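Okay, my_file.txt is below, compact mmCIF, C-alpha atoms:
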# COMPACT_ATOMS: atom_id res chain seq x y z
CA MET A 142 91.51 51.49 19.53
CA LEU A 143 91.90 48.50 21.87
CA PRO A 144 88.31 48.55 23.25
CA SER A 145 86.92 48.59 19.68
CA TYR A 146 88.86 45.46 18.76
CA LEU A 147 87.83 43.73 21.99
CA THR A 148 84.17 44.62 21.39
CA MET A 149 84.40 43.29 17.84
CA ALA A 150 85.84 40.02 19.15
CA ALA A 151 83.06 39.82 21.75
CA ILE A 152 80.40 40.30 19.04
CA LEU A 153 81.94 37.54 16.92
CA PHE A 154 82.24 35.22 19.91
CA CYS A 155 78.60 35.72 20.90
CA ILE A 156 77.34 35.13 17.34
CA GLY A 157 79.43 31.95 17.26
CA LEU A 158 78.04 30.85 20.63
CA TYR A 159 74.47 31.42 19.45
CA GLY A 160 75.11 29.46 16.25
CA ALA A 161 76.72 26.57 18.12
CA LEU A 162 73.74 26.38 20.50
CA VAL A 163 70.92 26.75 17.97
CA LYS A 164 71.99 25.14 14.70
CA ARG A 165 71.03 21.52 14.05
CA ASN A 166 73.38 20.71 11.18
CA ALA A 167 76.68 19.47 12.62
CA VAL A 168 78.77 21.13 9.88
CA VAL A 169 77.31 24.51 10.85
CA VAL A 170 78.05 23.83 14.52
CA LEU A 171 81.69 23.21 13.56
CA LEU A 172 81.70 26.48 11.59
CA SER A 173 80.38 28.35 14.62
CA LEU A 174 83.19 26.87 16.71
CA GLU A 175 85.67 28.19 14.16
CA LEU A 176 84.06 31.62 14.49
CA MET A 177 84.59 31.56 18.26
CA LEU A 178 88.23 30.51 17.84
CA ASN A 179 88.72 33.37 15.39
CA ALA A 180 87.37 35.85 17.93
CA VAL A 181 90.01 34.63 20.38
CA ASN A 182 92.69 35.13 17.72
CA LEU A 183 91.56 38.71 17.23
CA ASN A 184 91.89 39.33 20.97
CA LEU A 185 95.39 37.86 21.06
CA ILE A 186 96.59 39.99 18.16
CA ALA A 187 94.94 43.16 19.46
CA PHE A 188 96.74 42.71 22.78
CA SER A 189 99.99 41.99 20.99
CA LYS A 190 99.85 45.52 19.55
CA TYR A 191 97.96 47.54 22.18
CA GLY A 192 98.66 45.56 25.37
CA VAL A 193 100.70 46.86 28.28
CA VAL A 194 103.80 45.10 26.99
CA PRO A 195 103.42 44.86 23.23
CA SER A 196 105.43 42.05 21.70
CA LEU A 197 105.27 39.32 19.08
CA THR A 198 104.20 36.69 21.62
CA GLY A 199 100.52 37.28 20.92
CA GLN A 200 101.02 36.68 17.22
CA ILE A 201 102.89 33.44 17.93
CA PHE A 202 100.11 32.30 20.26
CA SER A 203 97.53 33.03 17.59
CA LEU A 204 99.55 30.94 15.10
CA PHE A 205 99.39 28.06 17.58
CA THR A 206 95.65 28.57 17.97
CA ILE A 207 95.16 28.53 14.19
CA THR A 208 97.08 25.24 13.98
CA VAL A 209 95.02 23.61 16.70
CA ALA A 210 91.82 24.91 15.07
CA ALA A 211 92.84 23.39 11.73
CA ALA A 212 93.48 20.03 13.39
CA GLU A 213 90.12 20.32 15.16
CA ALA A 214 88.31 21.04 11.90
CA ALA A 215 89.91 18.06 10.18
CA ILE A 216 89.06 15.67 13.02
CA GLY A 217 85.56 17.13 13.30
CA VAL A 218 84.75 16.61 9.62
CA ALA A 219 86.19 13.08 9.75
CA ILE A 220 84.02 12.19 12.76
CA LEU A 221 81.02 13.71 10.95
CA ILE A 222 81.61 11.56 7.87
CA ALA A 223 81.96 8.44 10.01
CA LEU A 224 78.76 9.30 11.91
CA PHE A 225 76.92 10.00 8.66
CA ARG A 226 77.88 6.56 7.37
CA MET A 227 76.60 4.96 10.56
CA ARG A 228 73.39 6.94 11.17
CA GLY A 229 72.61 8.50 7.78
CA THR A 230 72.10 11.98 9.19
CA VAL A 231 74.08 15.04 10.28
CA ASN A 232 71.39 16.39 12.59
CA VAL A 233 72.97 16.84 16.01
CA ASP A 234 69.68 16.06 17.75
CA GLU A 235 69.79 12.49 16.48
CA PHE A 236 73.25 11.75 17.87
CA ASP A 237 71.84 10.75 21.23
CA LYS A 238 72.89 7.12 21.46
CA MET A 239 74.67 7.57 24.78
CA ARG A 240 71.57 9.08 26.38
CA ARG A 241 69.46 5.98 25.88
CA MET B 118 83.58 57.74 25.73
CA PHE B 119 82.52 57.75 22.11
CA ASN B 120 84.60 60.64 20.81
CA ILE B 121 86.21 59.02 17.83
CA ALA B 122 88.83 60.52 15.57
CA PHE B 123 88.18 59.54 11.98
CA THR B 124 91.65 58.38 11.15
CA GLY B 125 92.51 55.96 8.37
CA GLU B 126 92.81 53.09 10.80
CA PHE B 127 89.33 53.78 12.16
CA THR B 128 87.80 53.88 8.69
CA ALA B 129 89.45 50.60 7.70
CA PHE B 130 88.43 49.06 11.01
CA PHE B 131 84.84 50.15 10.40
CA VAL B 132 84.76 48.65 6.91
CA PHE B 133 86.27 45.35 8.02
CA SER B 134 84.00 45.05 11.04
CA ALA B 135 80.95 45.75 8.84
CA ILE B 136 82.05 42.94 6.50
CA MET B 137 82.62 40.57 9.41
CA ILE B 138 79.35 41.27 11.22
CA CYS B 139 77.40 40.97 7.95
CA GLY B 140 79.09 37.65 7.21
CA ALA B 141 78.51 36.28 10.69
CA VAL B 142 74.85 37.32 10.81
CA LEU B 143 74.28 35.89 7.31
CA MET B 144 75.94 32.68 8.50
CA ILE B 145 73.35 32.45 11.25
CA SER B 146 70.33 33.36 9.11
CA LEU B 147 70.88 31.77 5.68
CA ASP B 148 69.07 28.55 4.77
CA LYS B 149 71.53 26.51 2.73
CA VAL B 150 74.65 25.16 4.36
CA VAL B 151 76.88 25.97 1.37
CA HIS B 152 75.82 29.62 1.54
CA MET B 153 76.70 29.63 5.24
CA VAL B 154 80.22 28.44 4.46
CA ILE B 155 80.65 31.14 1.81
CA SER B 156 79.55 33.87 4.22
CA MET B 157 81.99 32.49 6.80
CA ALA B 158 84.74 32.93 4.19
CA ALA B 159 83.82 36.64 4.13
CA VAL B 160 84.28 36.74 7.92
CA PHE B 161 87.68 35.07 7.64
CA LEU B 162 88.81 37.54 4.95
CA GLY B 163 87.65 40.52 7.01
CA LEU B 164 89.55 39.17 10.00
CA ALA B 165 92.68 38.87 7.85
CA GLY B 166 92.28 42.55 6.91
CA MET B 167 91.99 43.42 10.58
CA PHE B 168 95.21 41.54 11.30
CA VAL B 169 96.95 43.67 8.66
CA LEU B 170 95.65 46.74 10.49
CA LEU B 171 97.20 45.36 13.68
CA GLU B 172 100.58 45.00 11.95
CA ALA B 173 100.47 41.22 11.97
CA GLU B 174 101.03 40.60 8.26
CA PHE B 175 102.26 37.03 8.57
CA VAL B 176 99.30 35.96 10.68
CA ALA B 177 97.01 37.68 8.17
CA PHE B 178 98.38 35.59 5.32
CA VAL B 179 98.21 32.44 7.41
CA GLN B 180 94.59 33.33 8.15
CA VAL B 181 93.79 33.64 4.43
CA LEU B 182 95.59 30.40 3.59
CA ILE B 183 94.33 28.24 6.45
CA TYR B 184 90.86 29.60 7.15
CA ALA B 185 89.60 31.19 3.93
CA GLY B 186 91.33 28.44 1.95
CA ALA B 187 91.68 25.16 3.75
CA VAL B 188 88.98 25.19 6.43
CA SER B 189 86.27 26.53 4.07
CA ILE B 190 87.10 23.88 1.45
CA LEU B 191 87.18 21.20 4.14
CA MET B 192 83.72 22.24 5.33
CA ILE B 193 82.39 22.21 1.74
CA PHE B 194 83.82 18.70 1.36
CA GLY B 195 82.13 17.75 4.59
CA ILE B 196 78.80 18.97 3.21
CA MET B 197 79.35 17.12 -0.08
CA MET B 198 80.20 13.88 1.70
CA THR B 199 77.14 14.06 3.93
CA LYS B 200 74.12 15.66 2.25
CA HIS B 201 74.22 17.47 -1.05
CA HIS B 202 71.22 19.73 -0.73
CA ALA B 203 71.37 19.97 2.99
CA GLY B 204 69.61 22.85 4.63
CA GLU B 205 68.22 23.59 8.00
CA THR B 206 65.00 21.61 7.73
CA GLU B 207 62.78 22.27 10.68
CA PRO B 208 63.86 25.22 12.85
CA ALA B 209 64.92 24.71 16.44
CA LYS B 210 62.29 24.81 19.15
CA PRO B 211 61.37 28.42 19.92
CA ILE B 212 62.07 28.05 23.63
CA HIS B 213 65.47 26.53 22.91
CA GLN B 214 66.20 29.31 20.42
CA SER B 215 65.18 32.13 22.77
CA LEU B 216 67.16 30.61 25.66
CA ALA B 217 70.25 30.45 23.44
CA ALA B 218 69.68 34.06 22.36
CA ILE B 219 69.36 35.17 25.99
CA ALA B 220 72.56 33.32 26.89
CA ALA B 221 74.54 34.85 24.02
CA LEU B 222 73.16 38.36 24.64
CA SER B 223 73.85 38.26 28.37
CA LEU B 224 77.39 37.04 27.73
CA PHE B 225 77.84 39.93 25.32
CA GLY B 226 76.41 42.33 27.91
CA VAL B 227 78.90 41.18 30.54
CA LEU B 228 81.82 41.38 28.12
CA PHE B 229 80.77 44.81 26.81
CA TYR B 230 80.37 46.17 30.34
CA ALA B 231 83.78 44.82 31.33
CA ILE B 232 85.47 46.27 28.23
CA ARG B 233 83.82 49.69 28.61
CA THR B 234 84.56 50.08 32.34
CA THR B 235 88.19 48.95 32.23
CA THR B 236 90.79 51.63 31.82
CA PHE B 237 93.49 50.19 29.66
CA PRO B 238 97.00 51.48 30.42
CA GLU B 239 98.83 53.21 27.61
CA PRO B 240 100.95 50.65 25.74
CA ALA B 241 104.68 50.93 25.97
CA VAL B 242 106.35 52.13 22.81
CA PHE B 243 107.13 49.06 20.77
CA GLN B 244 109.22 49.22 17.66
CA GLN B 245 107.84 46.65 15.26
CA SER B 246 110.69 45.05 13.39
CA GLU B 247 110.77 45.79 9.69
CA ASP B 248 110.27 42.19 8.62
CA ASN B 249 107.38 40.73 10.58
CA THR B 250 107.80 37.25 9.07
CA MET B 251 111.49 37.06 9.88
CA ALA B 252 110.92 38.19 13.48
CA ILE B 253 108.23 35.53 13.95
CA GLY B 254 110.44 32.88 12.39
CA GLU B 255 113.35 33.74 14.65
CA LEU B 256 111.12 33.63 17.74
CA LEU B 257 109.58 30.31 16.67
CA TYR B 258 113.00 28.68 16.31
CA THR B 259 114.54 30.16 19.45
CA GLY B 260 112.11 30.81 22.29
CA TYR B 261 109.24 28.60 21.17
CA VAL B 262 110.98 25.55 19.71
CA ILE B 263 109.40 23.00 22.04
CA PRO B 264 105.76 24.16 21.59
CA PHE B 265 106.43 24.39 17.86
CA GLU B 266 107.67 20.81 17.66
CA LEU B 267 104.86 19.56 19.91
CA LEU B 268 102.39 21.30 17.63
CA SER B 269 103.83 19.63 14.54
CA VAL B 270 103.46 16.25 16.26
CA LEU B 271 99.86 17.15 17.16
CA LEU B 272 99.11 18.12 13.56
CA THR B 273 100.55 14.87 12.22
CA VAL B 274 98.58 12.81 14.72
CA ALA B 275 95.40 14.74 13.89
CA PHE B 276 95.74 14.19 10.16
CA ILE B 277 96.51 10.48 10.51
CA GLY B 278 93.56 10.20 12.88
CA ALA B 279 91.29 12.01 10.43
CA ILE B 280 92.28 9.65 7.62
CA VAL B 281 91.73 6.57 9.80
CA LEU B 282 88.35 7.87 11.02
CA ALA B 283 87.02 8.79 7.59
CA LYS B 284 88.32 5.65 5.85
CA LYS B 285 85.71 3.14 4.80
CA GLU B 286 85.59 0.11 7.04
CA ALA B 287 87.54 -2.74 5.45
CA ASP B 288 85.27 -5.68 4.88
Kindly present the structure from the file in structure tokens form.
Amino acid sequence: MLPSYLTMAAILFCIGLYGALVKRNAVVVLLSLELMLNAVNLNLIAFSKYGVVPSLTGQIFSLFTITVAAAEAAIGVAILIALFRMRGTVNVDEFDKMRR
Amino acid sequence: MFNIAFTGEFTAFFVFSAIMICGAVLMISLDKVVHMVISMAAVFLGLAGMFVLLEAEFVAFVQVLIYAGAVSILMIFGIMMTKHHAGETEPAKPIHQSLAAIAALSLFGVLFYAIRTTTFPEPAVFQQSEDNTMAIGELLYTGYVIPFELLSVLLTVAFIGAIVLAKKEAD
């Protein structure tokens, strides 16, 4: 069963990568990042059951990842709201002040 | 390589993975941002079901609470605070889009090849404790106290930072 779970996580990660590269709306880019983090969680938990040395460590690691992802989402949305107040848009293509 | 026994676990895995792939592909292809968030919630719920299959009940419930609950609502709030009827207006440039597709597909190809060619050793027999939550709690407060405390500090700092960032500038 382990290769099936790993393949599933790879599919999710690649869809997330595509979304993060293509989408213009910054909220959707954040969502795609969450999708990639979730794929990593699935890997961690799959290895915690089917790995060479199965133990609870993988589950604890995935709890840590979930916490960091929640903090990342909160900070990301806050930065988005601040940027929207300043520039009036959430299109990632228009956040290019540092390039000019 | 593909001889698959149709056990209960495989059937449940198939159903959950169908839900998750549908949700993820809909997330990529839908027009309105709110619909994208709703389809992501389907992905999060399917992932929680998969965690139950992997005997990680506590993580599954945390997944439902944090992702399907908190993160989805946070994203919907983010949409409400920025643009109400936001959608993807003009599509990305075709060359940009096809380059991104090639990158994602080739990454998937490499990963798939690596997964299929690796021979995974048989896992050692591991007796899952009866109470998954209690075992995780004991581990968190014995072996992983310092990361746990660091993480709580990180979470506090992140939430204070989020409030400060999103607060209206005092005039």
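Here the question is which of B:Thr234, B:Thr199, B:Thr124, B:Thr259 gets nearest to chain A using all atoms listed in the file, and that residue is B:Thr199.
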Would you give the centre and edge lengths, in Å to one decimal, of a box along x, y and z around the listed atoms of range 223-230 of chain B, with 6 Å added to each side, as AutoDock Vina command-line options?
--center_x 77.8 --center_y 41.6 --center_z 27.9 --size_x 20.0 --size_y 21.1 --size_z 17.2
Practice task
Kindly give the distance, in Å, that separates CA of Lys164 in chain A and CA of Asn232 in chain A, rounded to a single decimal.
Solution key: 9.0 Å
Problem - Selected residue of minimal separation from Leu224 in chain A among A:Ala167, A:Leu185, A:Leu178, A:Ala151, counting only C-alpha atoms - result: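 Ranked by minimum distance to Leu224 in chain A, first place goes to A:Ala167.
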Handout entry: Spatial neighbours of Tyr191 in chain A, max dist 7 Å, only C-alpha atoms, sep filter under 3 positions, as a list in words
Key =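 Final neighbour list, sorted by chain and number: Leu143, Ala187, Phe188 and Pro195 of chain A; Pro240 of chain B.
The smallest atom-to-atom distance between Val160 in chain B and any of B:Leu271, B:Ile138, B:Leu222, B:Leu228, using only C-alpha atoms, is found for B:Ile138.
Neighbours of range 161-174 of chain B closer than or equal to 8 Å, with only C-alpha atoms counted and sequence neighbours fewer than 4 positions away skipped, come out as Asn179, Leu183, Ile186, Ala187, Lys190 and Gln200 of chain A; Glu126, Ala129, Phe130, Phe133, Ser134, Ile136, Met137, Met157, Phe178, Gln180, Val181, Tyr184, Ala185, Asn249 and Thr250 of chain B.
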Problem - d(CA of Thr236 in chain B, CA of Phe131 in chain B) in Å - result: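 Rounded to one decimal, the two atoms are 22.3 Å apart.
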Residues of range 164-264 of chain B that have any atom at most 12 Å from an atom of range 201-212 of chain A: could you tabulate them with the shortest-distance atom pair and the distance in Å to one decimal, using all atoms listed in the file, ordered by chain and increasing number, as JSON lines?
{"residue": "B:Phe168", "atom": "CA", "partner": "A:Ser203", "partner_atom": "CA", "distance": 10.8}
{"residue": "B:Ala173", "atom": "CA", "partner": "A:Ile201", "partner_atom": "CA", "distance": 10.1}
{"residue": "B:Glu174", "atom": "CA", "partner": "A:Leu204", "partner_atom": "CA", "distance": 11.9}
{"residue": "B:Phe175", "atom": "CA", "partner": "A:Leu204", "partner_atom": "CA", "distance": 9.3}
{"residue": "B:Val176", "atom": "CA", "partner": "A:Leu204", "partner_atom": "CA", "distance": 6.7}
{"residue": "B:Ala177", "atom": "CA", "partner": "A:Leu204", "partner_atom": "CA", "distance": 10.0}
{"residue": "B:Phe178", "atom": "CA", "partner": "A:Leu204", "partner_atom": "CA", "distance": 10.9}
{"residue": "B:Val179", "atom": "CA", "partner": "A:Leu204", "partner_atom": "CA", "distance": 7.9}
{"residue": "B:Gln180", "atom": "CA", "partner": "A:Ile207", "partner_atom": "CA", "distance": 7.7}
{"residue": "B:Val181", "atom": "CA", "partner": "A:Ile207", "partner_atom": "CA", "distance": 11.1}
{"residue": "B:Leu182", "atom": "CA", "partner": "A:Ile207", "partner_atom": "CA", "distance": 10.8}
{"residue": "B:Ile183", "atom": "CA", "partner": "A:Ala211", "partner_atom": "CA", "distance": 7.3}
{"residue": "B:Tyr184", "atom": "CA", "partner": "A:Ala211", "partner_atom": "CA", "distance": 8.0}
{"residue": "B:Ala185", "atom": "CA", "partner": "A:Ala211", "partner_atom": "CA", "distance": 11.5}
{"residue": "B:Gly186", "atom": "CA", "partner": "A:Ala211", "partner_atom": "CA", "distance": 11.1}
{"residue": "B:Ala187", "atom": "CA", "partner": "A:Ala211", "partner_atom": "CA", "distance": 8.3}
{"residue": "B:Val188", "atom": "CA", "partner": "A:Ala211", "partner_atom": "CA", "distance": 6.8}
{"residue": "B:Ser189", "atom": "CA", "partner": "A:Ala211", "partner_atom": "CA", "distance": 10.6}
{"residue": "B:Ile190", "atom": "CA", "partner": "A:Ala211", "partner_atom": "CA", "distance": 11.8}
{"residue": "B:Leu191", "atom": "CA", "partner": "A:Ala211", "partner_atom": "CA", "distance": 9.7}
{"residue": "B:Met192", "atom": "CA", "partner": "A:Ala211", "partner_atom": "CA", "distance": 11.2}
{"residue": "B:Asn249", "atom": "CA", "partner": "A:Ile201", "partner_atom": "CA", "distance": 11.3}
{"residue": "B:Thr250", "atom": "CA", "partner": "A:Ile201", "partner_atom": "CA", "distance": 10.8}
{"residue": "B:Ala252", "atom": "CA", "partner": "A:Ile201", "partner_atom": "CA", "distance": 10.3}
{"residue": "B:Ile253", "atom": "CA", "partner": "A:Ile201", "partner_atom": "CA", "distance": 7.0}
{"residue": "B:Gly254", "atom": "CA", "partner": "A:Ile201", "partner_atom": "CA", "distance": 9.4}
{"residue": "B:Glu255", "atom": "CA", "partner": "A:Ile201", "partner_atom": "CA", "distance": 11.0}
{"residue": "B:Leu256", "atom": "CA", "partner": "A:Ile201", "partner_atom": "CA", "distance": 8.2}
{"residue": "B:Leu257", "atom": "CA", "partner": "A:Ile201", "partner_atom": "CA", "distance": 7.5}
{"residue": "B:Tyr258", "atom": "CA", "partner": "A:Ile201", "partner_atom": "CA", "distance": 11.3}
{"residue": "B:Gly260", "atom": "CA", "partner": "A:Ile201", "partner_atom": "CA", "distance": 10.5}
{"residue": "B:Tyr261", "atom": "CA", "partner": "A:Ile201", "partner_atom": "CA", "distance": 8.6}
{"residue": "B:Val262", "atom": "CA", "partner": "A:Ile201", "partner_atom": "CA", "distance": 11.4}
{"residue": "B:Pro264", "atom": "CA", "partner": "A:Phe205", "partner_atom": "CA", "distance": 8.5}
Exercise for the section: Take CA of Val168 in chain A and CA of Leu221 in chain A and report the distance between them in Å, one decimal. Expected result: 7.8 Å
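For the residues B:Ala217, B:Leu224, B:Val132, B:Ile212, ranking by smallest atom-to-atom distance to Ile152 in chain A using all atoms listed in the file places B:Leu224 first.
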Practice task
May I ask which of the residues A:Ser189, A:Arg165, A:Glu213, A:Val170 is the closest one to Thr230 in chain A, counting only C-alpha atoms?
Solution key: A:Arg165
Handout entry: Selected residue, from B:Cys139, B:Met251, B:Ile277, B:Gly195, that lies nearest to chain A when counting all atoms listed in the file
Key =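 Closest candidate: B:Gly195.
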